[in-house]
>>> print(open('protein-v5.pdb').read())   # PDB, C-alpha atoms
ATOM      1  CA  MET A   1      49.183  60.536-117.736  1.00  0.00           C
ATOM      2  CA  ASN A   2      50.006  61.327-114.133  1.00  0.00           C
ATOM      3  CA  LEU A   3      49.950  65.091-113.618  1.00  0.00           C
ATOM      4  CA  GLN A   4      51.959  64.792-110.437  1.00  0.00           C
ATOM      5  CA  ASN A   5      54.987  63.671-112.463  1.00  0.00           C
ATOM      6  CA  LEU A   6      54.962  66.740-114.726  1.00  0.00           C
ATOM      7  CA  ASP A   7      57.269  69.650-114.088  1.00  0.00           C
ATOM      8  CA  LYS A   8      56.166  73.283-114.328  1.00  0.00           C
ATOM      9  CA  GLU A   9      57.139  73.590-118.004  1.00  0.00           C
ATOM     10  CA  ASP A  10      55.180  70.450-118.964  1.00  0.00           C
ATOM     11  CA  LEU A  11      52.146  71.683-117.013  1.00  0.00           C
ATOM     12  CA  LEU A  12      52.250  75.017-118.842  1.00  0.00           C
ATOM     13  CA  LEU A  13      52.490  73.221-122.184  1.00  0.00           C
ATOM     14  CA  LEU A  14      49.557  70.998-121.242  1.00  0.00           C
ATOM     15  CA  GLN A  15      47.515  74.053-120.221  1.00  0.00           C
ATOM     16  CA  GLN A  16      48.289  75.740-123.558  1.00  0.00           C
ATOM     17  CA  LEU A  17      47.164  72.653-125.454  1.00  0.00           C
ATOM     18  CA  ILE A  18      43.938  72.478-123.449  1.00  0.00           C
ATOM     19  CA  ASN A  19      43.252  76.178-124.030  1.00  0.00           C
ATOM     20  CA  LYS A  20      43.879  75.795-127.763  1.00  0.00           C
ATOM     21  CA  ALA A  21      41.521  72.819-127.953  1.00  0.00           C
ATOM     22  CA  LEU A  22      38.792  74.783-126.134  1.00  0.00           C
ATOM     23  CA  GLU A  23      39.175  77.749-128.526  1.00  0.00           C
ATOM     24  CA  GLN A  24      38.816  75.657-131.685  1.00  0.00           C
ATOM     25  CA  GLN A  25      35.478  75.668-133.467  1.00  0.00           C
ATOM     26  CA  LYS A  26      33.319  72.808-132.294  1.00  0.00           C
ATOM     27  CA  PRO A  27      32.372  70.413-135.074  1.00  0.00           C
ATOM     28  CA  LEU A  28      28.895  70.700-136.538  1.00  0.00           C
ATOM     29  CA  VAL A  29      26.635  68.763-134.204  1.00  0.00           C
ATOM     30  CA  LYS A  30      24.689  65.612-134.957  1.00  0.00           C
ATOM     31  CA  ASP A  31      21.478  67.676-135.076  1.00  0.00           C
ATOM     32  CA  LEU A  32      22.752  69.209-138.301  1.00  0.00           C
ATOM     33  CA  GLU A  33      23.126  65.769-139.873  1.00  0.00           C
ATOM     34  CA  HIS A  34      19.541  64.952-138.881  1.00  0.00           C
ATOM     35  CA  MET A  35      18.245  68.169-140.484  1.00  0.00           C
ATOM     36  CA  ILE A  36      20.195  67.567-143.692  1.00  0.00           C
ATOM     37  CA  LYS A  37      18.979  63.961-143.909  1.00  0.00           C
ATOM     38  CA  GLU A  38      15.375  65.017-143.331  1.00  0.00           C
ATOM     39  CA  ILE A  39      15.553  67.665-146.062  1.00  0.00           C
ATOM     40  CA  MET A  40      17.254  65.302-148.485  1.00  0.00           C
ATOM     41  CA  ASP A  41      14.609  62.616-147.788  1.00  0.00           C
ATOM     42  CA  GLU A  42      11.579  64.918-148.002  1.00  0.00           C
ATOM     43  CA  PHE A  43      12.478  67.524-150.642  1.00  0.00           C
ATOM     44  CA  ASP A  44      10.788  66.841-154.010  1.00  0.00           C
ATOM     45  CA  PHE A  45      13.823  66.600-156.297  1.00  0.00           C
ATOM     46  CA  ASP A  46      11.693  64.878-158.959  1.00  0.00           C
ATOM     47  CA  ARG A  47       9.521  67.981-159.187  1.00  0.00           C
ATOM     48  CA  VAL A  48      12.597  70.194-159.571  1.00  0.00           C
ATOM     49  CA  GLU A  49      13.868  67.933-162.338  1.00  0.00           C
ATOM     50  CA  ARG A  50      10.501  68.103-164.160  1.00  0.00           C
ATOM     51  CA  ALA A  51      10.431  71.906-163.819  1.00  0.00           C
ATOM     52  CA  MET A  52      13.949  72.212-165.190  1.00  0.00           C
ATOM     53  CA  GLU A  53      13.081  69.969-168.126  1.00  0.00           C
ATOM     54  CA  ALA A  54       9.907  71.976-168.856  1.00  0.00           C
ATOM     55  CA  LEU A  55      11.843  75.254-168.703  1.00  0.00           C
ATOM     56  CA  ASP A  56      14.859  73.835-170.555  1.00  0.00           C
ATOM     57  CA  TRP A  57      16.891  75.071-167.588  1.00  0.00           C
ATOM     58  CA  LYS A  58      20.473  73.921-167.943  1.00  0.00           C
ATOM     59  CA  TRP A  59      23.591  73.856-165.838  1.00  0.00           C
ATOM     60  CA  ARG A  60      26.831  73.957-167.809  1.00  0.00           C
ATOM     61  CA  GLY A  61      24.877  73.272-171.012  1.00  0.00           C
ATOM     62  CA  GLU A  62      22.921  70.249-169.732  1.00  0.00           C
ATOM     63  CA  ILE A  63      19.749  69.657-167.754  1.00  0.00           C
ATOM     64  CA  PRO A  64      21.059  68.249-164.450  1.00  0.00           C
ATOM     65  CA  THR A  65      20.296  64.701-163.362  1.00  0.00           C
ATOM     66  CA  LEU A  66      18.586  63.839-160.081  1.00  0.00           C
ATOM     67  CA  TYR A  67      22.024  62.912-158.761  1.00  0.00           C
ATOM     68  CA  ASP A  68      23.358  66.365-159.713  1.00  0.00           C
ATOM     69  CA  LEU A  69      20.392  68.071-158.050  1.00  0.00           C
ATOM     70  CA  ARG A  70      20.761  66.094-154.821  1.00  0.00           C
ATOM     71  CA  GLU A  71      24.538  66.547-154.693  1.00  0.00           C
ATOM     72  CA  THR A  72      24.247  70.309-155.245  1.00  0.00           C
ATOM     73  CA  ALA A  73      21.480  70.692-152.672  1.00  0.00           C
ATOM     74  CA  GLU A  74      23.406  68.833-149.975  1.00  0.00           C
ATOM     75  CA  SER A  75      26.547  70.817-150.716  1.00  0.00           C
ATOM     76  CA  LEU A  76      24.601  74.078-150.416  1.00  0.00           C
ATOM     77  CA  LEU A  77      23.022  73.023-147.109  1.00  0.00           C
ATOM     78  CA  ARG A  78      26.406  72.118-145.638  1.00  0.00           C
ATOM     79  CA  GLY A  79      27.949  75.293-147.027  1.00  0.00           C
ATOM     80  CA  ALA A  80      25.218  77.503-145.579  1.00  0.00           C
ATOM     81  CA  ALA A  81      25.632  75.878-142.147  1.00  0.00           C
ATOM     82  CA  LYS A  82      29.400  76.278-142.253  1.00  0.00           C
ATOM     83  CA  SER A  83      29.126  79.887-143.434  1.00  0.00           C
ATOM     84  CA  ARG A  84      26.605  80.728-140.699  1.00  0.00           C
ATOM     85  CA  LEU A  85      28.852  79.488-137.892  1.00  0.00           C
ATOM     86  CA  ASN A  86      32.155  80.669-139.357  1.00  0.00           C
ATOM     87  CA  ASP A  87      32.378  83.174-142.197  1.00  0.00           C
ATOM     88  CA  PHE A  88      29.287  85.143-141.127  1.00  0.00           C
ATOM     89  CA  LYS A  89      29.572  84.683-137.374  1.00  0.00           C
ATOM     90  CA  ASP A  90      29.506  88.477-136.948  1.00  0.00           C
ATOM     91  CA  ALA A  91      26.038  88.737-138.524  1.00  0.00           C
ATOM     92  CA  HIS A  92      23.099  88.979-136.112  1.00  0.00           C
ATOM     93  CA  HIS A  93      21.923  85.546-134.990  1.00  0.00           C
ATOM     94  CA  ASP A  94      18.441  86.135-136.438  1.00  0.00           C
ATOM     95  CA  THR A  95      19.905  86.578-139.912  1.00  0.00           C
ATOM     96  CA  ALA A  96      19.746  83.554-142.198  1.00  0.00           C
ATOM     97  CA  ILE A  97      22.792  82.917-144.318  1.00  0.00           C
ATOM     98  CA  ILE A  98      21.955  81.824-147.850  1.00  0.00           C
ATOM     99  CA  ASN A  99      24.056  79.756-150.221  1.00  0.00           C
ATOM    100  CA  GLY A 100      22.575  79.357-153.658  1.00  0.00           C
ATOM    101  CA  THR A 101      23.201  78.312-157.217  1.00  0.00           C
ATOM    102  CA  GLY A 102      21.234  77.055-160.202  1.00  0.00           C
ATOM    103  CA  GLY A 103      17.853  77.876-158.670  1.00  0.00           C
ATOM    104  CA  PHE A 104      18.557  76.313-155.269  1.00  0.00           C
ATOM    105  CA  GLU A 105      18.697  78.423-152.129  1.00  0.00           C
ATOM    106  CA  ALA A 106      19.876  76.869-148.862  1.00  0.00           C
ATOM    107  CA  LYS A 107      19.357  78.934-145.702  1.00  0.00           C
ATOM    108  CA  ALA A 108      20.957  78.296-142.319  1.00  0.00           C
ATOM    109  CA  PHE A 109      19.828  79.740-138.981  1.00  0.00           C
ATOM    110  CA  CYS A 110      21.721  79.614-135.686  1.00  0.00           C
ATOM    111  CA  ASP A 111      21.156  80.024-131.965  1.00  0.00           C
ATOM    112  CA  GLU A 112      21.854  83.276-130.120  1.00  0.00           C
ATOM    113  CA  SER A 113      25.350  82.153-129.110  1.00  0.00           C
ATOM    114  CA  LYS A 114      26.107  81.401-132.798  1.00  0.00           C
ATOM    115  CA  THR A 115      27.461  77.957-131.946  1.00  0.00           C
ATOM    116  CA  LYS A 116      24.689  75.674-133.216  1.00  0.00           C
ATOM    117  CA  ILE A 117      22.604  75.474-136.357  1.00  0.00           C
ATOM    118  CA  THR A 118      18.944  75.596-135.334  1.00  0.00           C
ATOM    119  CA  GLY A 119      17.317  75.441-138.736  1.00  0.00           C
ATOM    120  CA  LEU A 120      17.904  74.751-142.394  1.00  0.00           C
ATOM    121  CA  ASP A 121      15.719  75.570-145.375  1.00  0.00           C
ATOM    122  CA  LEU A 122      16.047  74.406-148.960  1.00  0.00           C
ATOM    123  CA  ALA A 123      14.105  75.987-151.815  1.00  0.00           C
ATOM    124  CA  PHE A 124      14.165  75.839-155.573  1.00  0.00           C
ATOM    125  CA  VAL A 125      13.305  79.303-156.852  1.00  0.00           C
ATOM    126  CA  VAL A 126      12.005  79.876-160.360  1.00  0.00           C
ATOM    127  CA  THR A 127      11.227  83.545-159.801  1.00  0.00           C
ATOM    128  CA  SER A 128      11.075  86.044-156.958  1.00  0.00           C
ATOM    129  CA  TRP A 129      10.648  89.732-156.289  1.00  0.00           C
ATOM    130  CA  ASP A 130      11.613  91.882-153.369  1.00  0.00           C
ATOM    131  CA  SER A 131      11.002  95.504-152.471  1.00  0.00           C
ATOM    132  CA  SER A 132      11.562  97.611-149.387  1.00  0.00           C
ATOM    133  CA  ILE A 133      11.348 101.152-148.174  1.00  0.00           C
ATOM    134  CA  GLU A 134      14.413 102.543-146.471  1.00  0.00           C
ATOM    135  CA  GLU A 135      13.565 104.682-143.456  1.00  0.00           C
TER     136      GLU A 135
END
>>> encode(input="protein-v5.pdb", output="structure tokens")
Amino acid sequence: MNLQNLDKEDLLLLQQLINKALEQQKPLVKDLEHMIKEIMDEFDFDRVERAMEALDWKWRGEIPTLYDLRETAESLLRGAAKSRLNDFKDAHHDTAIINGTGGFEAKAFCDESKTKITGLDLAFVVTSWDSSIEE
């Protein structure tokens, strides 16, 4: 495209398109894929499966397979990352966003500019307790 051949109207349209492209959310970066792959490779899904069998813990009436566990975990990790950068962008950058179901909790952390996922955490929680004092 030769910009010298464009008239004023075409230049304005081109500028609007460029501005719109710059405003759009940047895609999740390759670093996110690396973090997800590392978690999926290192997380002990076999142990989760054994715990669920021992506790007779069921999803939709059945003890989930390893495939089900892995699929759910990856979906939660991706969902937490997406939520952190989009749906919960107004939350303070130090706040982890958690997506969870069926015992899994996926947490996503972002940088100060809220444009990049800086950390992911996957846990399988059998029990927990929390308490705080409001001041």
>>> resolve_selection(input="protein-v5.pdb", expression="the PyMOL selection byres ((chain A and resi 106-123) around 6)", output="number ranges by chain")
A: 76-77, 80-81, 93, 96-99, 104-105, 124
>>> resolve_selection(input="protein-v5.pdb", expression="the PyMOL selection byres ((chain A and resi 45-58) around 10)", output="list in words")
Met40, Asp41, Glu42, Phe43, Asp44, Trp59, Arg60, Gly61, Glu62, Ile63, Pro64, Thr65, Leu66, Tyr67, Asp68, Leu69, Arg70, Ala73, Gly102, Gly103, Phe104, Ala123, Phe124, Val125 and Val126 of chain A
>>> atom_distance(input="protein-v5.pdb", atom1="CA of Glu33 (chain A)", atom2="CA of Glu74 (chain A)")
10.6 Å
>>> atom_distance(input="protein-v5.pdb", atom1="CA of Ser128 (chain A)", atom2="CA of Thr72 (chain A)")
20.6 Å
>>> atom_distance(input="protein-v5.pdb", atom1="CA of Thr101 (chain A)", atom2="CA of Lys82 (chain A)")
16.3 Å
>>> closest_residue(input="protein-v5.pdb", among="A:Leu17, A:Ile133, A:Leu6, A:Gly79", to="Leu32 (chain A)", atoms="only C-alpha atoms")
A:Gly79
>>> axis_aligned_box(input="protein-v5.pdb", around="region 105-115 of chain A", padding_each_side="3 Å", output="JSON")
{"center_x": 23.1, "center_y": 80.1, "center_z": -140.6, "size_x": 14.8, "size_y": 12.4, "size_z": 29.0}
